[in-house]
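Reproduced below: run.pdb, with PDB, C-alpha atoms, pLDDT in the B column.
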```pdb
ATOM      1  CA  MET A   1      22.807 -11.361 -40.405  1.00 56.00           C
ATOM      2  CA  SER A   2      24.157 -14.861 -39.757  1.00 57.00           C
ATOM      3  CA  ASP A   3      22.149 -17.370 -37.695  1.00 56.00           C
ATOM      4  CA  ARG A   4      24.785 -17.189 -34.940  1.00 56.00           C
ATOM      5  CA  LYS A   5      24.560 -13.383 -34.669  1.00 52.00           C
ATOM      6  CA  ARG A   6      20.761 -13.506 -34.785  1.00 55.00           C
ATOM      7  CA  SER A   7      20.692 -16.100 -31.986  1.00 52.00           C
ATOM      8  CA  THR A   8      23.045 -13.968 -29.866  1.00 49.00           C
ATOM      9  CA  ALA A   9      20.833 -10.876 -30.269  1.00 50.00           C
ATOM     10  CA  LEU A  10      17.685 -12.838 -29.402  1.00 47.00           C
ATOM     11  CA  ALA A  11      19.361 -14.353 -26.323  1.00 49.00           C
ATOM     12  CA  LEU A  12      20.381 -10.876 -25.107  1.00 42.00           C
ATOM     13  CA  ALA A  13      16.865  -9.553 -25.592  1.00 45.00           C
ATOM     14  CA  SER A  14      15.362 -12.513 -23.707  1.00 45.00           C
ATOM     15  CA  ALA A  15      17.813 -12.117 -20.803  1.00 42.00           C
ATOM     16  CA  LEU A  16      16.987  -8.418 -20.438  1.00 38.00           C
ATOM     17  CA  ALA A  17      13.254  -9.054 -20.602  1.00 43.00           C
ATOM     18  CA  GLY A  18      13.516 -11.849 -18.043  1.00 41.00           C
ATOM     19  CA  SER A  19      15.479  -9.751 -15.572  1.00 39.00           C
ATOM     20  CA  ALA A  20      12.695  -7.157 -15.452  1.00 38.00           C
ATOM     21  CA  VAL A  21      10.307  -9.608 -13.801  1.00 37.00           C
ATOM     22  CA  LEU A  22      12.547  -9.721 -10.730  1.00 37.00           C
ATOM     23  CA  PHE A  23      10.950  -6.464  -9.623  1.00 38.00           C
ATOM     24  CA  THR A  24       7.661  -7.482  -7.985  1.00 39.00           C
ATOM     25  CA  ALA A  25       4.857  -5.513  -6.382  1.00 43.00           C
ATOM     26  CA  PRO A  26       5.398  -4.275  -2.809  1.00 46.00           C
ATOM     27  CA  ALA A  27       4.969  -7.084  -0.278  1.00 55.00           C
ATOM     28  CA  ALA A  28       1.943  -6.962   1.998  1.00 68.00           C
ATOM     29  CA  HIS A  29       0.758  -9.054   4.935  1.00 81.00           C
ATOM     30  CA  ALA A  30      -2.792  -8.816   6.263  1.00 84.00           C
ATOM     31  CA  ALA A  31      -4.473 -10.454   9.249  1.00 89.00           C
ATOM     32  CA  VAL A  32      -7.863 -10.232  10.912  1.00 93.00           C
ATOM     33  CA  VAL A  33      -7.181  -9.074  14.482  1.00 95.00           C
ATOM     34  CA  ASP A  34      -9.541  -9.271  17.455  1.00 95.00           C
ATOM     35  CA  VAL A  35      -9.848  -5.836  19.034  1.00 95.00           C
ATOM     36  CA  ALA A  36     -11.321  -5.586  22.552  1.00 94.00           C
ATOM     37  CA  TYR A  37     -13.001  -2.179  22.739  1.00 93.00           C
ATOM     38  CA  ASP A  38     -13.649  -0.424  26.045  1.00 94.00           C
ATOM     39  CA  CYS A  39     -16.463   2.004  25.312  1.00 91.00           C
ATOM     40  CA  LYS A  40     -17.523   5.094  27.212  1.00 92.00           C
ATOM     41  CA  THR A  41     -21.230   5.507  26.455  1.00 88.00           C
ATOM     42  CA  PRO A  42     -23.954   7.902  27.678  1.00 87.00           C
ATOM     43  CA  ILE A  43     -25.386   5.043  29.776  1.00 84.00           C
ATOM     44  CA  GLY A  44     -22.116   3.784  31.244  1.00 88.00           C
ATOM     45  CA  ASP A  45     -19.083   1.720  30.356  1.00 91.00           C
ATOM     46  CA  LYS A  46     -19.488  -1.101  27.853  1.00 87.00           C
ATOM     47  CA  SER A  47     -17.089  -3.553  26.228  1.00 88.00           C
ATOM     48  CA  ALA A  48     -17.117  -5.640  23.070  1.00 87.00           C
ATOM     49  CA  VAL A  49     -14.705  -7.591  20.886  1.00 91.00           C
ATOM     50  CA  SER A  50     -14.727  -7.247  17.123  1.00 92.00           C
ATOM     51  CA  PRO A  51     -12.377  -8.783  14.536  1.00 94.00           C
ATOM     52  CA  ILE A  52     -10.865  -5.929  12.507  1.00 95.00           C
ATOM     53  CA  ASP A  53      -9.670  -6.167   8.932  1.00 95.00           C
ATOM     54  CA  ILE A  54      -7.685  -3.373   7.226  1.00 97.00           C
ATOM     55  CA  LYS A  55      -7.122  -3.398   3.478  1.00 96.00           C
ATOM     56  CA  SER A  56      -5.054  -1.069   1.271  1.00 95.00           C
ATOM     57  CA  VAL A  57      -5.332  -0.018  -2.375  1.00 95.00           C
ATOM     58  CA  LYS A  58      -2.722   2.198  -4.083  1.00 94.00           C
ATOM     59  CA  GLU A  59      -4.246   5.441  -5.332  1.00 93.00           C
ATOM     60  CA  GLY A  60      -1.960   8.064  -6.852  1.00 93.00           C
ATOM     61  CA  ASP A  61       0.709   9.062  -4.321  1.00 93.00           C
ATOM     62  CA  GLY A  62      -1.196   7.525  -1.417  1.00 95.00           C
ATOM     63  CA  TYR A  63      -2.961   4.394  -0.230  1.00 96.00           C
ATOM     64  CA  LYS A  64      -6.699   4.113   0.367  1.00 97.00           C
ATOM     65  CA  LEU A  65      -7.282   2.288   3.652  1.00 97.00           C
ATOM     66  CA  THR A  66     -10.506   0.432   4.422  1.00 97.00           C
ATOM     67  CA  MET A  67     -11.229  -0.682   7.983  1.00 97.00           C
ATOM     68  CA  SER A  68     -13.896  -3.389   8.350  1.00 95.00           C
ATOM     69  CA  PHE A  69     -15.675  -4.567  11.509  1.00 93.00           C
ATOM     70  CA  GLN A  70     -16.808  -8.187  11.458  1.00 87.00           C
ATOM     71  CA  LYS A  71     -18.906  -7.870  14.631  1.00 84.00           C
ATOM     72  CA  GLY A  72     -20.933  -5.095  16.209  1.00 78.00           C
ATOM     73  CA  VAL A  73     -19.669  -2.991  19.097  1.00 79.00           C
ATOM     74  CA  SER A  74     -21.527  -1.152  21.862  1.00 71.00           C
ATOM     75  CA  SER A  75     -25.340  -0.896  21.770  1.00 76.00           C
ATOM     76  CA  SER A  76     -28.183   1.533  22.366  1.00 79.00           C
ATOM     77  CA  PRO A  77     -31.051   1.222  24.903  1.00 82.00           C
ATOM     78  CA  ILE A  78     -33.398   2.623  22.261  1.00 85.00           C
ATOM     79  CA  GLU A  79     -33.770   1.964  18.565  1.00 89.00           C
ATOM     80  CA  LEU A  80     -31.471   3.914  16.272  1.00 88.00           C
ATOM     81  CA  GLY A  81     -33.301   4.901  13.134  1.00 91.00           C
ATOM     82  CA  LYS A  82     -31.807   4.559   9.682  1.00 92.00           C
ATOM     83  CA  GLY A  83     -28.947   7.070   9.279  1.00 93.00           C
ATOM     84  CA  ALA A  84     -28.967   8.019  12.995  1.00 92.00           C
ATOM     85  CA  MET A  85     -25.449   6.745  13.748  1.00 91.00           C
ATOM     86  CA  SER A  86     -22.220   8.218  12.328  1.00 94.00           C
ATOM     87  CA  PRO A  87     -18.942   6.270  12.844  1.00 95.00           C
ATOM     88  CA  SER A  88     -15.314   7.345  12.574  1.00 97.00           C
ATOM     89  CA  ALA A  89     -11.969   6.043  13.807  1.00 97.00           C
ATOM     90  CA  VAL A  90      -8.222   6.389  13.548  1.00 98.00           C
ATOM     91  CA  ILE A  91      -5.746   3.880  12.157  1.00 98.00           C
ATOM     92  CA  LEU A  92      -2.341   3.963  13.837  1.00 98.00           C
ATOM     93  CA  VAL A  93       0.630   3.770  11.476  1.00 97.00           C
ATOM     94  CA  GLY A  94       3.915   2.380  12.806  1.00 96.00           C
ATOM     95  CA  GLY A  95       7.235   1.283  11.394  1.00 96.00           C
ATOM     96  CA  ALA A  96       8.965   3.633   8.957  1.00 94.00           C
ATOM     97  CA  GLU A  97       6.878   6.506  10.348  1.00 95.00           C
ATOM     98  CA  LYS A  98       4.363   6.985  13.126  1.00 96.00           C
ATOM     99  CA  VAL A  99       1.169   8.864  12.273  1.00 96.00           C
ATOM    100  CA  SER A 100      -2.583   8.561  12.740  1.00 97.00           C
ATOM    101  CA  VAL A 101      -4.898   8.255   9.732  1.00 98.00           C
ATOM    102  CA  PRO A 102      -8.536   9.372  10.244  1.00 98.00           C
ATOM    103  CA  VAL A 103     -11.123   7.115   8.632  1.00 98.00           C
ATOM    104  CA  SER A 104     -14.885   7.506   8.424  1.00 97.00           C
ATOM    105  CA  GLY A 105     -17.864   5.802   6.861  1.00 96.00           C
ATOM    106  CA  PRO A 106     -21.545   6.152   6.027  1.00 95.00           C
ATOM    107  CA  SER A 107     -24.293   6.152   8.629  1.00 94.00           C
ATOM    108  CA  ASN A 108     -26.150   2.953   9.473  1.00 91.00           C
ATOM    109  CA  PRO A 109     -28.094   1.857   6.358  1.00 91.00           C
ATOM    110  CA  GLU A 110     -30.796   0.143   8.440  1.00 90.00           C
ATOM    111  CA  ALA A 111     -32.434   0.789  11.808  1.00 90.00           C
ATOM    112  CA  VAL A 112     -30.634  -0.740  14.812  1.00 87.00           C
ATOM    113  CA  PRO A 113     -32.956  -2.400  17.367  1.00 89.00           C
ATOM    114  CA  PRO A 114     -32.494  -1.524  21.053  1.00 88.00           C
ATOM    115  CA  ASP A 115     -29.878  -3.412  23.048  1.00 84.00           C
ATOM    116  CA  THR A 116     -28.355  -4.818  19.845  1.00 83.00           C
ATOM    117  CA  PRO A 117     -24.631  -4.566  19.073  1.00 81.00           C
ATOM    118  CA  ILE A 118     -24.127  -1.760  16.577  1.00 82.00           C
ATOM    119  CA  LYS A 119     -22.631  -2.975  13.299  1.00 85.00           C
ATOM    120  CA  ILE A 120     -20.130  -0.368  12.097  1.00 90.00           C
ATOM    121  CA  THR A 121     -20.043   0.332   8.369  1.00 93.00           C
ATOM    122  CA  ASP A 122     -16.688   0.121   6.558  1.00 96.00           C
ATOM    123  CA  LEU A 123     -14.498   3.131   7.351  1.00 97.00           C
ATOM    124  CA  SER A 124     -12.052   4.525   4.820  1.00 97.00           C
ATOM    125  CA  GLY A 125      -9.384   7.202   4.530  1.00 97.00           C
ATOM    126  CA  THR A 126      -6.179   7.987   2.644  1.00 97.00           C
ATOM    127  CA  TYR A 127      -2.627   7.516   3.877  1.00 97.00           C
ATOM    128  CA  THR A 128       0.148   9.340   2.008  1.00 96.00           C
ATOM    129  CA  PRO A 129       3.571   8.210   3.281  1.00 96.00           C
ATOM    130  CA  LYS A 130       6.320  10.737   3.903  1.00 95.00           C
ATOM    131  CA  LYS A 131       8.930   7.990   4.278  1.00 94.00           C
ATOM    132  CA  SER A 132       9.552   4.846   2.258  1.00 95.00           C
ATOM    133  CA  GLY A 133       9.799   1.484   3.972  1.00 95.00           C
ATOM    134  CA  LYS A 134       7.694  -1.043   5.861  1.00 96.00           C
ATOM    135  CA  VAL A 135       4.745   0.282   7.848  1.00 97.00           C
ATOM    136  CA  THR A 136       2.039  -1.322   9.971  1.00 97.00           C
ATOM    137  CA  PHE A 137      -1.622  -0.375  10.342  1.00 98.00           C
ATOM    138  CA  THR A 138      -3.398  -0.978  13.654  1.00 97.00           C
ATOM    139  CA  ALA A 139      -6.934  -0.204  14.819  1.00 97.00           C
ATOM    140  CA  GLY A 140      -7.140   2.878  17.015  1.00 97.00           C
ATOM    141  CA  VAL A 141      -9.933   4.743  18.803  1.00 97.00           C
ATOM    142  CA  LEU A 142     -13.471   4.322  17.426  1.00 96.00           C
ATOM    143  CA  THR A 143     -16.024   7.131  17.806  1.00 96.00           C
ATOM    144  CA  ILE A 144     -19.771   6.669  17.382  1.00 93.00           C
ATOM    145  CA  LYS A 145     -22.071   9.670  17.247  1.00 93.00           C
ATOM    146  CA  ALA A 146     -25.802   9.061  17.482  1.00 90.00           C
ATOM    147  CA  MET A 147     -28.810  11.211  18.375  1.00 87.00           C
ATOM    148  CA  GLY A 148     -26.694  13.987  19.883  1.00 90.00           C
ATOM    149  CA  THR A 149     -24.521  11.643  21.957  1.00 91.00           C
ATOM    150  CA  THR A 150     -20.917  10.460  21.537  1.00 93.00           C
ATOM    151  CA  THR A 151     -19.538   7.028  22.375  1.00 91.00           C
ATOM    152  CA  THR A 152     -15.763   6.578  22.454  1.00 95.00           C
ATOM    153  CA  CYS A 153     -14.314   3.072  22.184  1.00 94.00           C
ATOM    154  CA  THR A 154     -10.629   2.502  22.938  1.00 96.00           C
ATOM    155  CA  PRO A 155      -8.752  -0.747  22.164  1.00 96.00           C
ATOM    156  CA  GLY A 156      -7.917  -2.232  25.579  1.00 93.00           C
ATOM    157  CA  ASN A 157      -5.937  -5.293  24.548  1.00 93.00           C
ATOM    158  CA  SER A 158      -3.026  -3.665  22.695  1.00 93.00           C
ATOM    159  CA  PRO A 159      -4.011  -5.337  19.404  1.00 95.00           C
ATOM    160  CA  GLY A 160      -1.402  -6.200  16.808  1.00 95.00           C
ATOM    161  CA  PRO A 161      -1.348  -4.756  13.283  1.00 96.00           C
ATOM    162  CA  SER A 162      -4.083  -5.763  10.865  1.00 96.00           C
ATOM    163  CA  LEU A 163      -1.868  -4.903   7.887  1.00 96.00           C
ATOM    164  CA  GLU A 164       1.838  -4.639   7.079  1.00 96.00           C
ATOM    165  CA  LEU A 165       2.867  -2.975   3.845  1.00 94.00           C
ATOM    166  CA  ASP A 166       5.982  -1.807   2.009  1.00 94.00           C
ATOM    167  CA  VAL A 167       5.260   1.764   0.908  1.00 94.00           C
ATOM    168  CA  THR A 168       7.022   4.280  -1.293  1.00 92.00           C
ATOM    169  CA  ALA A 169       6.800   7.982  -0.479  1.00 92.00           C
ATOM    170  CA  PRO A 170       6.210  10.425  -3.344  1.00 90.00           C
ATOM    171  CA  GLY A 171       9.608  11.193  -4.830  1.00 81.00           C
ATOM    172  CA  GLY A 172      11.149   8.260  -2.941  1.00 66.00           C
ATOM    173  CA  GLY A 173      11.789  10.362   0.179  1.00 60.00           C
ATOM    174  CA  GLY A 174      12.778   9.041   3.571  1.00 57.00           C
ATOM    175  CA  ASN A 175      14.178   5.548   3.908  1.00 47.00           C
ATOM    176  CA  ALA A 176      14.836   4.293   0.404  1.00 39.00           C
ATOM    177  CA  GLN A 177      14.928   0.605  -0.438  1.00 39.00           C
ATOM    178  CA  PRO A 178      18.422  -0.985  -0.247  1.00 36.00           C
ATOM    179  CA  GLY A 179      20.444  -0.383  -3.384  1.00 32.00           C
ATOM    180  CA  ALA A 180      18.134   2.342  -4.670  1.00 32.00           C
ATOM    181  CA  GLU A 181      20.480   5.259  -3.949  1.00 33.00           C
ATOM    182  CA  THR A 182      22.873   6.259  -6.738  1.00 30.00           C
ATOM    183  CA  THR A 183      25.472   8.995  -7.161  1.00 30.00           C
ATOM    184  CA  ASP A 184      26.709  10.976 -10.165  1.00 34.00           C
ATOM    185  CA  THR A 185      30.319  11.692 -11.162  1.00 31.00           C
ATOM    186  CA  THR A 186      30.439  14.805  -8.946  1.00 33.00           C
ATOM    187  CA  GLY A 187      29.538  12.800  -5.854  1.00 36.00           C
ATOM    188  CA  ASP A 188      26.122  14.447  -5.381  1.00 37.00           C
ATOM    189  CA  THR A 189      23.343  12.044  -4.457  1.00 33.00           C
ATOM    190  CA  LEU A 190      20.625  11.659  -7.061  1.00 32.00           C
ATOM    191  CA  PRO A 191      16.944  11.444  -5.992  1.00 35.00           C
ATOM    192  CA  GLN A 192      16.182   8.081  -4.415  1.00 37.00           C
ATOM    193  CA  THR A 193      13.972   5.791  -6.429  1.00 36.00           C
ATOM    194  CA  GLY A 194      11.535   3.038  -5.595  1.00 39.00           C
ATOM    195  CA  PRO A 195      11.042  -0.402  -7.173  1.00 40.00           C
ATOM    196  CA  ALA A 196       8.930   0.922 -10.060  1.00 40.00           C
ATOM    197  CA  ASP A 197      11.610   3.472 -10.986  1.00 40.00           C
ATOM    198  CA  SER A 198      14.289   0.785 -10.797  1.00 38.00           C
ATOM    199  CA  ALA A 199      12.308  -1.441 -13.151  1.00 36.00           C
ATOM    200  CA  LEU A 200      11.904   1.470 -15.573  1.00 34.00           C
ATOM    201  CA  ALA A 201      15.619   2.235 -15.367  1.00 34.00           C
ATOM    202  CA  LEU A 202      16.447  -1.413 -16.063  1.00 33.00           C
ATOM    203  CA  GLY A 203      14.128  -1.423 -19.077  1.00 40.00           C
ATOM    204  CA  THR A 204      15.766   1.739 -20.423  1.00 35.00           C
ATOM    205  CA  LEU A 205      19.249   0.312 -19.883  1.00 32.00           C
ATOM    206  CA  GLY A 206      18.210  -2.953 -21.504  1.00 40.00           C
ATOM    207  CA  GLY A 207      16.868  -1.137 -24.562  1.00 39.00           C
ATOM    208  CA  THR A 208      20.089   0.868 -24.866  1.00 36.00           C
ATOM    209  CA  VAL A 209      22.270  -2.236 -24.671  1.00 34.00           C
ATOM    210  CA  LEU A 210      20.076  -4.050 -27.171  1.00 34.00           C
ATOM    211  CA  LEU A 211      20.175  -1.147 -29.634  1.00 35.00           C
ATOM    212  CA  ALA A 212      23.935  -0.850 -29.209  1.00 38.00           C
ATOM    213  CA  GLY A 213      24.317  -4.561 -29.884  1.00 43.00           C
ATOM    214  CA  ALA A 214      22.145  -4.364 -32.988  1.00 38.00           C
ATOM    215  CA  ALA A 215      24.129  -1.364 -34.234  1.00 40.00           C
ATOM    216  CA  GLY A 216      27.371  -3.272 -33.718  1.00 41.00           C
ATOM    217  CA  VAL A 217      26.091  -6.279 -35.659  1.00 37.00           C
ATOM    218  CA  LEU A 218      24.893  -3.992 -38.485  1.00 36.00           C
ATOM    219  CA  TRP A 219      28.287  -2.247 -38.606  1.00 38.00           C
ATOM    220  CA  LEU A 220      30.127  -5.584 -38.733  1.00 38.00           C
ATOM    221  CA  THR A 221      27.780  -6.812 -41.466  1.00 42.00           C
ATOM    222  CA  ARG A 222      28.292  -3.704 -43.598  1.00 45.00           C
ATOM    223  CA  ARG A 223      32.034  -3.835 -42.998  1.00 45.00           C
ATOM    224  CA  GLY A 224      32.073  -7.439 -44.149  1.00 50.00           C
ATOM    225  CA  GLN A 225      30.139  -6.533 -47.270  1.00 48.00           C
ATOM    226  CA  ARG A 226      32.600  -3.720 -48.139  1.00 49.00           C
ATOM    227  CA  ALA A 227      35.528  -6.068 -47.593  1.00 46.00           C
ATOM    228  CA  ARG A 228      34.059  -8.658 -49.966  1.00 49.00           C
ATOM    229  CA  SER A 229      33.408  -5.995 -52.592  1.00 44.00           C
TER     230      SER A 229
END
```

So that I can check it, write out the structure of this file as structure tokens.
Amino acid sequence: MSDRKRSTALALASALAGSAVLFTAPAAHAAVVDVAYDCKTPIGDKSAVSPIDIKSVKEGDGYKLTMSFQKGVSSSPIELGKGAMSPSAVILVGGAEKVSVPVSGPSNPEAVPPDTPIKITDLSGTYTPKKSGKVTFTAGVLTIKAMGTTTTCTPGNSPGPSLELDVTAPGGGGNAQPGAETTDTTGDTLPQTGPADSALALGTLGGTVLLAGAAGVLWLTRRGQRARS
């Protein structure tokens, strides 16, 4: 193969490899949001403000959500022994779809002194989207069960989202990303694909073009050899 043909093939391969990096991971935006809880307790109404952080990790078809409290909420007039308090909450999903995701966490690892704000352990749960697109995650109702009693804390300040995320539903259902929908020669719509599928399709196309180019160069080379003979 001549130097010119070899340089052309290498340039094509580099261009195809470079174009694949245009497909990046889904964009996410997180913020710590102050949530003002109005709590209904066995000893009356209480209120407290806690900064809330929500994080997401992709797991299989879904997303593991972790809700963290940076300050304690509510309190107890008596000491709560180790493991006496069980917390749970809901995370409100908005945007591409509107659902509630239940999250829960372990009991208090240490005893809580009386009249001390109760530090909530990290709460986690799994969100599996049914629609693709941008969604938001906002702190919802918090429930604390301790020593046979239930305390319900409701956000009273209409807090904003703690997390915004671009999600892809299993099979690419719902609202597909722009440009992801394709059609075949019969006009039927093919299954919608997400960014990862698009990157895979590009890689497959790139490999096909590269192989076709190499085959063409080989054919021209052999043809030239036969002509010289």

With 5 Å on each side, where is the centre of the axis-aligned box around all listed atoms of range 135-148 of chain A, and how long are its edges in Å to one decimal, as lines of an AutoDock Vina configuration file?
```
center_x = -12.0
center_y = 6.3
center_z = 13.9
size_x = 43.6
size_y = 25.3
size_z = 22.0
```

For Met147 in chain A, the closest of A:Pro106, A:Gly62, A:Gly81, A:Gly72 counting all atoms listed in the file is A:Gly81

The PyMOL selection byres ((chain A and resi 85) around 8) - which residues does that actually catch in the file I just gave you? List them as a PDB file with C-alpha atoms, keeping the file's coordinate frame.
```pdb
ATOM      1  CA  LEU A  80     -31.471   3.914  16.272  1.00 88.00           C
ATOM      2  CA  LYS A  82     -31.807   4.559   9.682  1.00 92.00           C
ATOM      3  CA  GLY A  83     -28.947   7.070   9.279  1.00 93.00           C
ATOM      4  CA  ALA A  84     -28.967   8.019  12.995  1.00 92.00           C
ATOM      5  CA  SER A  86     -22.220   8.218  12.328  1.00 94.00           C
ATOM      6  CA  PRO A  87     -18.942   6.270  12.844  1.00 95.00           C
ATOM      7  CA  SER A 107     -24.293   6.152   8.629  1.00 94.00           C
ATOM      8  CA  ASN A 108     -26.150   2.953   9.473  1.00 91.00           C
ATOM      9  CA  ILE A 144     -19.771   6.669  17.382  1.00 93.00           C
ATOM     10  CA  LYS A 145     -22.071   9.670  17.247  1.00 93.00           C
ATOM     11  CA  ALA A 146     -25.802   9.061  17.482  1.00 90.00           C
ATOM     12  CA  MET A 147     -28.810  11.211  18.375  1.00 87.00           C
TER      13      MET A 147
END
```

Atom-to-atom span, CA of Pro114 in chain A and CA of Ala36 in chain A, Å: 21.6 Å

Nearby residues (all atoms listed in the file) at most 8 Å from Val141 in chain A, same-chain spacing under 5 positions excluded, as a list in words: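 Listing them by chain and then by number gives Ala89, Val90, Ile91, Thr152, Cys153, Thr154 and Pro155 of chain A.
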
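Across A:Thr138, A:Ser124, A:Thr150, A:Ser56, the tightest approach to Ser162 in chain A is made by A:Thr138 when counting all atoms listed in the file.
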
Any idea what's packed within 7 Å of Val167 in chain A, counting all atoms listed in the file, ignoring anything in its chain fewer than 4 positions away? Could you give it as JSON, numbers by chain? {"A": [132, 133, 134]}

Fewer than 5 positions away in the same chain doesn't count, so skip those; otherwise give me all residues within 12 Å of Ala139 in chain A, counting all atoms listed in the file, as a PyMOL selection string. chain A and resi 31-37+50-55+65-69+88-94+100-103+123+153-163

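You can rank A:Val135, A:Val112, A:Lys64, A:Ile120 by their closest distance to Val99 in chain A using all atoms listed in the file, and at the top of that list sits A:Val135.
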
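The residue that comes closest to Thr128 in chain A, out of A:Asp38, A:Glu59, A:Asp45, A:Asp115 and on the basis of only C-alpha atoms, is A:Glu59.
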
Distance of CA of Cys39 in chain A from CA of Glu164 in chain A, expressed in Å to one decimal place: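 CA of Glu164 in chain A sits 26.7 Å away from CA of Cys39 in chain A.
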
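Restricting the calculation to only C-alpha atoms, the smallest distance between Thr149 in chain A and any of A:Thr41, A:Thr121, A:Ser75, A:Thr116 is found for A:Thr41.
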
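Using only C-alpha atoms, the shortest contact distance between Thr143 in chain A and any of A:Gly60, A:Ser104, A:Glu110, A:Ile78 is found at A:Ser104.
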
Between CA of Pro129 in chain A and CA of Ala169 in chain A, what is the spacing in Å?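 For CA of Ala169 in chain A relative to CA of Pro129 in chain A, the distance reads 5.0 Å.
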